[in-house]
file data_37.txt (compact mmCIF, C-alpha atoms)
# COMPACT_ATOMS: atom_id res chain seq x y z
CA MET A 1 66.43 31.24 82.70
CA ALA A 2 68.52 28.41 81.28
CA SER A 3 68.64 26.61 84.64
CA LEU A 4 64.82 26.86 85.07
CA ARG A 5 64.32 25.48 81.57
CA CYS A 6 66.60 22.53 82.34
CA ILE A 7 64.78 21.76 85.62
CA ARG A 8 61.37 21.81 83.91
CA GLU A 9 62.56 19.50 81.15
CA LEU A 10 64.07 17.10 83.71
CA SER A 11 60.90 16.98 85.81
CA ARG A 12 58.76 16.34 82.71
CA ARG A 13 60.94 13.41 81.63
CA VAL A 14 60.94 11.88 85.11
CA THR A 15 57.12 11.94 85.27
CA THR A 16 56.85 10.24 81.87
CA VAL A 17 59.24 7.48 82.97
CA PHE A 18 57.21 6.76 86.14
CA SER A 19 53.90 6.72 84.25
CA ILE A 20 55.24 4.29 81.66
CA ASN A 21 56.52 1.90 84.34
CA GLN A 22 53.14 1.91 86.10
CA THR A 23 51.22 1.11 82.89
CA ARG A 24 53.56 -1.81 82.12
CA LEU A 25 53.10 -3.26 85.60
CA ILE A 26 49.29 -3.11 85.36
CA SER A 27 49.29 -4.74 81.93
CA SER A 28 51.49 -7.59 83.12
CA LEU A 29 49.17 -8.26 86.09
CA ARG A 30 46.08 -8.36 83.85
CA GLY A 31 47.75 -10.86 81.49
CA LEU A 32 48.50 -13.18 84.37
CA GLU A 33 44.93 -13.07 85.68
CA LEU A 34 43.44 -13.86 82.26
CA SER A 35 45.69 -16.88 81.76
CA GLY A 36 44.59 -18.31 85.14
CA THR A 37 48.03 -18.32 86.74
CA SER A 38 48.78 -17.05 90.22
CA ILE A 39 51.71 -14.96 91.38
CA THR A 40 53.83 -16.71 94.02
CA HIS A 41 57.25 -16.12 95.52
CA GLU A 42 58.68 -19.11 93.61
CA ALA A 43 57.84 -17.60 90.24
CA ALA A 44 60.66 -16.11 88.22
CA PRO A 45 60.95 -12.31 88.48
CA VAL A 46 59.64 -10.22 85.63
CA GLN A 47 62.53 -8.74 83.63
CA ASN A 48 61.96 -5.09 82.83
CA ARG A 49 63.23 -3.78 79.57
CA SER A 50 66.01 -1.22 79.74
CA LEU A 51 65.01 2.41 79.43
CA THR A 52 67.95 3.16 77.20
CA ARG A 53 66.52 0.88 74.48
CA ASP A 54 63.03 2.38 74.63
CA PHE A 55 64.09 6.01 75.24
CA PRO A 56 67.41 7.04 73.67
CA TRP A 57 67.20 10.45 75.33
CA TYR A 58 67.41 8.80 78.78
CA SER A 59 71.02 7.67 78.29
CA ARG A 60 71.99 11.13 77.12
CA SER A 61 70.42 12.78 80.16
CA GLN A 62 72.37 10.53 82.57
CA GLY A 63 75.62 12.15 81.53
CA ARG A 64 74.48 15.60 82.61
CA HIS A 65 75.40 16.86 86.07
CA PHE A 66 73.91 19.92 87.67
CA ALA A 67 76.17 21.44 90.32
CA SER A 68 77.09 24.84 91.69
CA THR A 69 80.81 24.40 91.03
CA THR A 70 82.45 26.54 88.38
CA ASN A 71 85.20 25.85 85.91
CA GLY A 72 87.67 27.40 88.33
CA SER A 73 87.39 24.44 90.70
CA GLU A 74 88.15 22.04 87.86
CA GLY A 75 91.19 24.14 87.02
CA GLU A 76 92.33 23.95 90.63
CA ASP A 77 92.01 20.16 90.59
CA ASP A 78 94.10 20.03 87.41
CA ASP A 79 96.70 22.29 88.99
CA GLU A 80 96.85 20.06 92.07
CA ASP A 81 97.40 17.03 89.86
CA GLU A 82 100.20 18.84 88.03
CA ASP A 83 101.80 19.84 91.33
CA GLU A 84 101.70 16.24 92.55
CA GLU A 85 103.36 15.08 89.34
CA GLU A 86 106.05 17.76 89.65
CA TYR A 87 106.65 16.76 93.29
CA GLU A 88 107.07 13.13 92.29
CA ASP A 89 109.51 14.12 89.55
CA SER A 90 111.51 16.30 91.96
CA ALA A 91 111.60 13.46 94.51
CA GLU A 92 113.06 11.20 91.83
CA MET A 93 115.61 13.85 90.85
CA GLU A 94 116.79 14.27 94.46
CA VAL A 95 118.42 10.82 94.41
CA GLU A 96 122.14 11.52 94.18
CA ARG A 97 124.12 9.66 91.60
CA GLU A 98 127.22 7.77 92.70
CA TYR A 99 130.31 8.74 90.70
CA SER A 100 133.42 6.67 90.26
CA PRO A 101 136.83 8.31 90.94
CA ALA A 102 137.53 8.59 87.21
CA GLU A 103 134.16 10.24 86.58
CA LYS A 104 134.80 12.70 89.42
CA VAL A 105 138.13 13.74 87.90
CA GLU A 106 136.59 14.15 84.42
CA SER A 107 133.62 16.22 85.62
CA ALA A 108 135.91 18.41 87.77
CA ALA A 109 138.20 18.99 84.78
CA GLU A 110 135.21 20.06 82.66
CA ILE A 111 134.26 22.63 85.32
CA GLY A 112 137.86 23.87 85.54
CA TYR A 113 139.49 22.60 88.75
CA LYS A 114 141.41 19.67 90.18
CA VAL A 115 141.39 18.46 93.78
CA MET A 116 144.91 18.10 95.18
CA GLY A 117 143.99 16.80 98.63
CA PRO A 118 143.25 18.15 102.12
CA LEU A 119 145.21 21.02 103.63
CA LYS A 120 147.59 19.92 106.37
CA PRO A 121 148.00 21.95 109.56
CA SER A 122 151.76 22.29 108.99
CA GLU A 123 151.36 23.85 105.52
CA ARG A 124 151.62 27.62 105.15
CA LEU A 125 150.15 28.45 101.75
CA PHE A 126 149.05 32.02 102.30
CA LYS A 127 151.54 34.59 101.07
CA PRO A 128 151.66 38.38 101.18
CA TYR A 129 150.14 40.32 98.32
CA GLU A 130 151.92 40.14 94.96
CA PRO A 131 151.21 42.55 92.06
CA VAL A 132 150.03 39.76 89.74
CA PHE A 133 146.50 38.96 88.60
CA ALA A 134 144.81 36.20 86.60
CA VAL A 135 141.47 35.64 84.87
CA VAL A 136 140.15 32.14 85.54
CA GLN A 137 137.03 30.34 84.36
CA ILE A 138 135.05 28.10 86.73
CA GLY A 139 132.03 26.54 85.11
CA SER A 140 130.38 29.28 83.06
CA HIS A 141 131.74 32.23 85.10
CA GLN A 142 134.99 34.16 84.86
CA PHE A 143 136.81 35.82 87.78
CA LYS A 144 139.73 38.24 88.02
CA VAL A 145 141.78 37.17 91.04
CA SER A 146 145.01 37.89 92.87
CA ASN A 147 146.58 35.97 95.74
CA GLY A 148 144.67 36.55 98.96
CA ASP A 149 141.32 37.21 97.22
CA SER A 150 138.16 35.25 98.07
CA ILE A 151 135.50 34.42 95.48
CA PHE A 152 132.10 32.71 95.56
CA THR A 153 131.35 30.17 92.83
CA GLU A 154 128.54 27.73 92.21
CA LYS A 155 128.84 24.73 94.48
CA LEU A 156 131.73 22.44 93.52
CA LYS A 157 130.55 18.87 94.00
CA PHE A 158 133.66 16.82 94.59
CA CYS A 159 135.55 18.91 97.14
CA ASP A 160 135.27 19.42 100.90
CA ILE A 161 136.23 22.24 103.22
CA ASN A 162 140.04 22.76 103.55
CA ASP A 163 140.73 20.96 100.28
CA LYS A 164 143.46 22.31 98.03
CA LEU A 165 142.38 23.04 94.45
CA THR A 166 144.19 23.86 91.24
CA LEU A 167 142.23 26.04 88.81
CA THR A 168 143.24 24.84 85.36
CA LYS A 169 141.25 27.11 83.03
CA VAL A 170 143.42 30.26 83.14
CA LEU A 171 142.49 32.69 80.36
CA LEU A 172 144.86 35.58 81.09
CA LEU A 173 147.83 36.52 83.28
CA GLY A 174 149.00 40.03 83.94
CA SER A 175 151.49 42.05 85.92
CA ALA A 176 152.99 45.53 85.83
CA SER A 177 155.53 44.51 83.18
CA GLN A 178 153.79 41.95 80.94
CA THR A 179 150.46 40.44 79.92
CA ILE A 180 149.91 36.87 78.64
CA ILE A 181 146.68 36.07 76.80
CA GLY A 182 145.54 32.50 76.22
CA ARG A 183 144.00 31.03 73.06
CA PRO A 184 141.69 30.44 74.84
CA ILE A 185 143.57 28.79 77.77
CA LEU A 186 147.16 29.07 79.00
CA PRO A 187 148.40 25.48 79.41
CA ASP A 188 151.37 26.34 81.66
CA ALA A 189 149.49 28.66 84.03
CA THR A 190 147.86 27.52 87.24
CA VAL A 191 146.04 29.21 90.08
CA HIS A 192 146.00 27.58 93.51
CA ALA A 193 143.09 27.95 95.94
CA VAL A 194 141.69 26.51 99.16
CA VAL A 195 138.03 25.70 99.87
CA GLU A 196 136.91 27.75 102.87
CA GLU A 197 133.14 27.23 103.02
CA HIS A 198 130.02 25.76 101.42
CA ALA A 199 127.20 28.28 101.87
CA LEU A 200 123.78 29.34 100.56
CA ASP A 201 123.03 32.55 98.71
CA GLU A 202 120.17 34.91 99.60
CA LYS A 203 116.66 33.66 98.92
CA VAL A 204 115.11 34.56 95.57
CA LEU A 205 111.29 34.55 95.31
CA ILE A 206 109.71 33.15 92.15
CA PHE A 207 106.07 34.14 91.53
CA LYS A 208 104.05 32.65 88.68
CA LYS A 209 100.56 33.71 87.65
CA LYS A 210 98.16 32.87 84.84
CA ARG A 211 95.42 35.41 84.54
CA ARG A 212 91.81 34.27 84.45
CA LYS A 213 92.94 30.73 85.35
CA ASN A 214 93.02 31.06 89.17
CA TYR A 215 96.69 30.01 89.07
CA ARG A 216 99.22 31.55 91.48
CA ARG A 217 102.40 29.90 92.70
CA THR A 218 105.12 31.36 94.94
CA THR A 219 108.33 29.45 95.51
CA GLY A 220 111.78 30.32 96.82
CA HIS A 221 115.29 29.36 95.78
CA ARG A 222 118.68 29.61 97.51
CA GLN A 223 121.67 28.92 95.31
CA GLU A 224 124.40 26.71 96.77
CA LEU A 225 127.82 28.41 96.72
CA THR A 226 131.44 27.53 97.44
CA LYS A 227 133.89 30.07 98.86
CA LEU A 228 137.47 29.85 97.56
CA ARG A 229 140.58 31.63 98.85
CA ILE A 230 143.30 32.25 96.23
CA THR A 231 146.75 31.34 97.55
CA ASP A 232 149.13 31.54 94.58
CA ILE A 233 149.38 32.34 90.85
CA GLN A 234 152.00 30.58 88.72
CA GLY A 235 153.05 30.95 85.09
CA ILE A 236 154.26 34.56 84.97
CA GLU A 237 157.35 36.39 86.15
CA LYS A 238 156.63 38.14 89.40
CA PRO A 239 158.35 41.47 90.02
CA GLU A 240 160.38 41.73 93.17
CA PRO A 241 158.60 43.69 95.85
CA GLN A 242 160.09 47.11 96.41
CA ILE A 243 160.68 48.01 100.02
CA VAL A 244 159.70 51.57 100.71
CA LEU A 245 161.15 53.00 103.92
CA LYS A 246 158.85 55.31 105.78
CA PRO A 247 160.38 58.39 107.42
CA SER A 248 160.67 58.11 111.16
CA LYS A 249 158.46 60.15 113.42
CA ALA A 250 161.49 61.73 115.13
CA ALA A 251 162.63 63.29 111.88
CA ASP A 252 159.16 64.77 111.32
CA THR A 253 158.96 66.30 114.77
CA GLU A 254 162.43 67.94 114.68
CA GLN A 255 162.28 71.65 113.87
CA PRO A 256 165.22 73.86 112.93
CA LYS A 257 166.53 75.97 115.79
CA ALA A 258 166.09 79.71 115.51
CA GLU A 259 169.30 81.72 115.15
CA LEU A 260 169.83 84.97 117.00
CA VAL A 261 170.82 87.92 114.84
CA GLY A 262 172.85 90.50 116.80

call {"tool": "encode", "arguments": {"input": "data_37.txt", "output": "structure tokens"}}
result
Amino acid sequence: MASLRCIRELSRRVTTVFSINQTRLISSLRGLELSGTSITHEAAPVQNRSLTRDFPWYSRSQGRHFASTTNGSEGEDDDEDEDEEEYEDSAEMEVEREYSPAEKVESAAEIGYKVMGPLKPSERLFKPYEPVFAVVQIGSHQFKVSNGDSIFTEKLKFCDINDKLTLTKVLLLGSASQTIIGRPILPDATVHAVVEEHALDEKVLIFKKKRRKNYRRTTGHRQELTKLRITDIQGIEKPEPQIVLKPSKAADTEQPKAELVG
């Protein structure tokens, strides 16, 4: 009903505008004939008065638009604009910053490691298992490690594969005979590691929805990781490994001979 009412009002106003223009044209022609002048192509054109000055409602009606689109389409346009702005911001953020050597060392120290250089083929850093463990902090995560363990951390920026690292933020050291707790860090303790791989974690789906707004977004994220292999723990007395001799198989298979009783 509201749409029919609007159409009728619009048609009524259009007819009034056309009728008024026709009456003005006829009156101007009659005035020219009475004054004895003739209309030629060289005469100046007759300037019509603006409709907005005579009819204030005409300017208000020009701002109205009748269309079959709903508010949902406008919301989609706004969402597209927001997405374009976010894409532009992300494109700007993707530009990598160039760090100086001093800045690299400072940022690595804040995370909790120090790059010692690449691993040489002649070096033999990997040792057999020792009954010693340490709790280290890398970034905002803590790990309990022993020599020979492998851990996955968030990607470490300033190191490459086969680089030797020293983990400086050691919170605790322990063995079978003693335990050393830091307050909060042990300054004399170090944990050595080697970078084995830069990898990506499993994909995580992020779904966002705003009800009644026709807004749904699905994106994915794969966290960048760095795999470290622990090679040595220093700063605590290591107990000497006890060698346990296994009984030989020949001794197990021998059976006592049966004695004859006469």

call {"tool": "closest_residue", "arguments": {"input": "data_37.txt", "among": "A:Arg222, A:Arg5, A:Arg229, A:Lys127", "to": "A:Val194", "atoms": "all atoms listed in the file"}}
result
A:Arg229

call {"tool": "atom_distance", "arguments": {"input": "data_37.txt", "atom1": "atom CA of A:Leu172", "atom2": "atom CA of A:Glu106"}}
result
23.2 Å

call {"tool": "residues_around", "arguments": {"input": "data_37.txt", "residues": "A:Lys155", "least_positions_apart": "4", "cutoff": "7 Å", "atoms": "only C-alpha atoms", "output": "compact mmCIF listing (two decimals) with C-alpha atoms, in the coordinates of the input"}}
result
# COMPACT_ATOMS: atom_id res chain seq x y z
CA GLU A 224 124.40 26.71 96.77
CA LEU A 225 127.82 28.41 96.72
CA THR A 226 131.44 27.53 97.44

call {"tool": "closest_residue", "arguments": {"input": "data_37.txt", "among": "A:Ser140, A:Asn147, A:Ser175, A:Ser11", "to": "A:Lys238", "atoms": "all atoms listed in the file"}}
result
A:Ser175

call {"tool": "atom_distance", "arguments": {"input": "data_37.txt", "atom1": "atom CA of A:Gln223", "atom2": "atom CA of A:Glu196"}}
result
17.1 Å

call {"tool": "closest_residue", "arguments": {"input": "data_37.txt", "among": "A:Arg12, A:Lys209, A:Lys114, A:Lys164", "to": "A:Val195", "atoms": "only C-alpha atoms"}}
result
A:Lys164

call {"tool": "closest_residue", "arguments": {"input": "data_37.txt", "among": "A:Ile111, A:Ile230, A:Met116, A:Leu4", "to": "A:His141", "atoms": "all atoms listed in the file"}}
result
A:Ile111

call {"tool": "atom_distance", "arguments": {"input": "data_37.txt", "atom1": "atom CA of A:Val136", "atom2": "atom CA of A:Leu186"}}
result
10.1 Å

call {"tool": "closest_residue", "arguments": {"input": "data_37.txt", "among": "A:Ile233, A:Val105, A:Ile185, A:Leu125", "to": "A:Val145", "atoms": "all atoms listed in the file"}}
result
A:Ile233

call {"tool": "closest_residue", "arguments": {"input": "data_37.txt", "among": "A:Leu173, A:Ala102, A:Val115, A:Val14", "to": "A:Asp160", "atoms": "only C-alpha atoms"}}
result
A:Val115

call {"tool": "residues_around", "arguments": {"input": "data_37.txt", "residues": "A:Val191", "least_positions_apart": "3", "cutoff": "10 Å", "atoms": "all atoms listed in the file", "output": "VMD selection string"}}
result
chain A and resid 113 133 to 136 145 to 147 165 to 170 230 to 235

call {"tool": "write_last_selection", "arguments": {"input": "data_37.txt", "atoms": "C-alpha atoms", "output": "CSV table (one decimal), in the frame of the given file"}}
result
chain,number,residue,atom,x,y,z
A,113,TYR,CA,139.5,22.6,88.8
A,133,PHE,CA,146.5,39.0,88.6
A,134,ALA,CA,144.8,36.2,86.6
A,135,VAL,CA,141.5,35.6,84.9
A,136,VAL,CA,140.2,32.1,85.5
A,145,VAL,CA,141.8,37.2,91.0
A,146,SER,CA,145.0,37.9,92.9
A,147,ASN,CA,146.6,36.0,95.7
A,165,LEU,CA,142.4,23.0,94.4
A,166,THR,CA,144.2,23.9,91.2
A,167,LEU,CA,142.2,26.0,88.8
A,168,THR,CA,143.2,24.8,85.4
A,169,LYS,CA,141.2,27.1,83.0
A,170,VAL,CA,143.4,30.3,83.1
A,230,ILE,CA,143.3,32.2,96.2
A,231,THR,CA,146.8,31.3,97.6
A,232,ASP,CA,149.1,31.5,94.6
A,233,ILE,CA,149.4,32.3,90.8
A,234,GLN,CA,152.0,30.6,88.7
A,235,GLY,CA,153.0,31.0,85.1
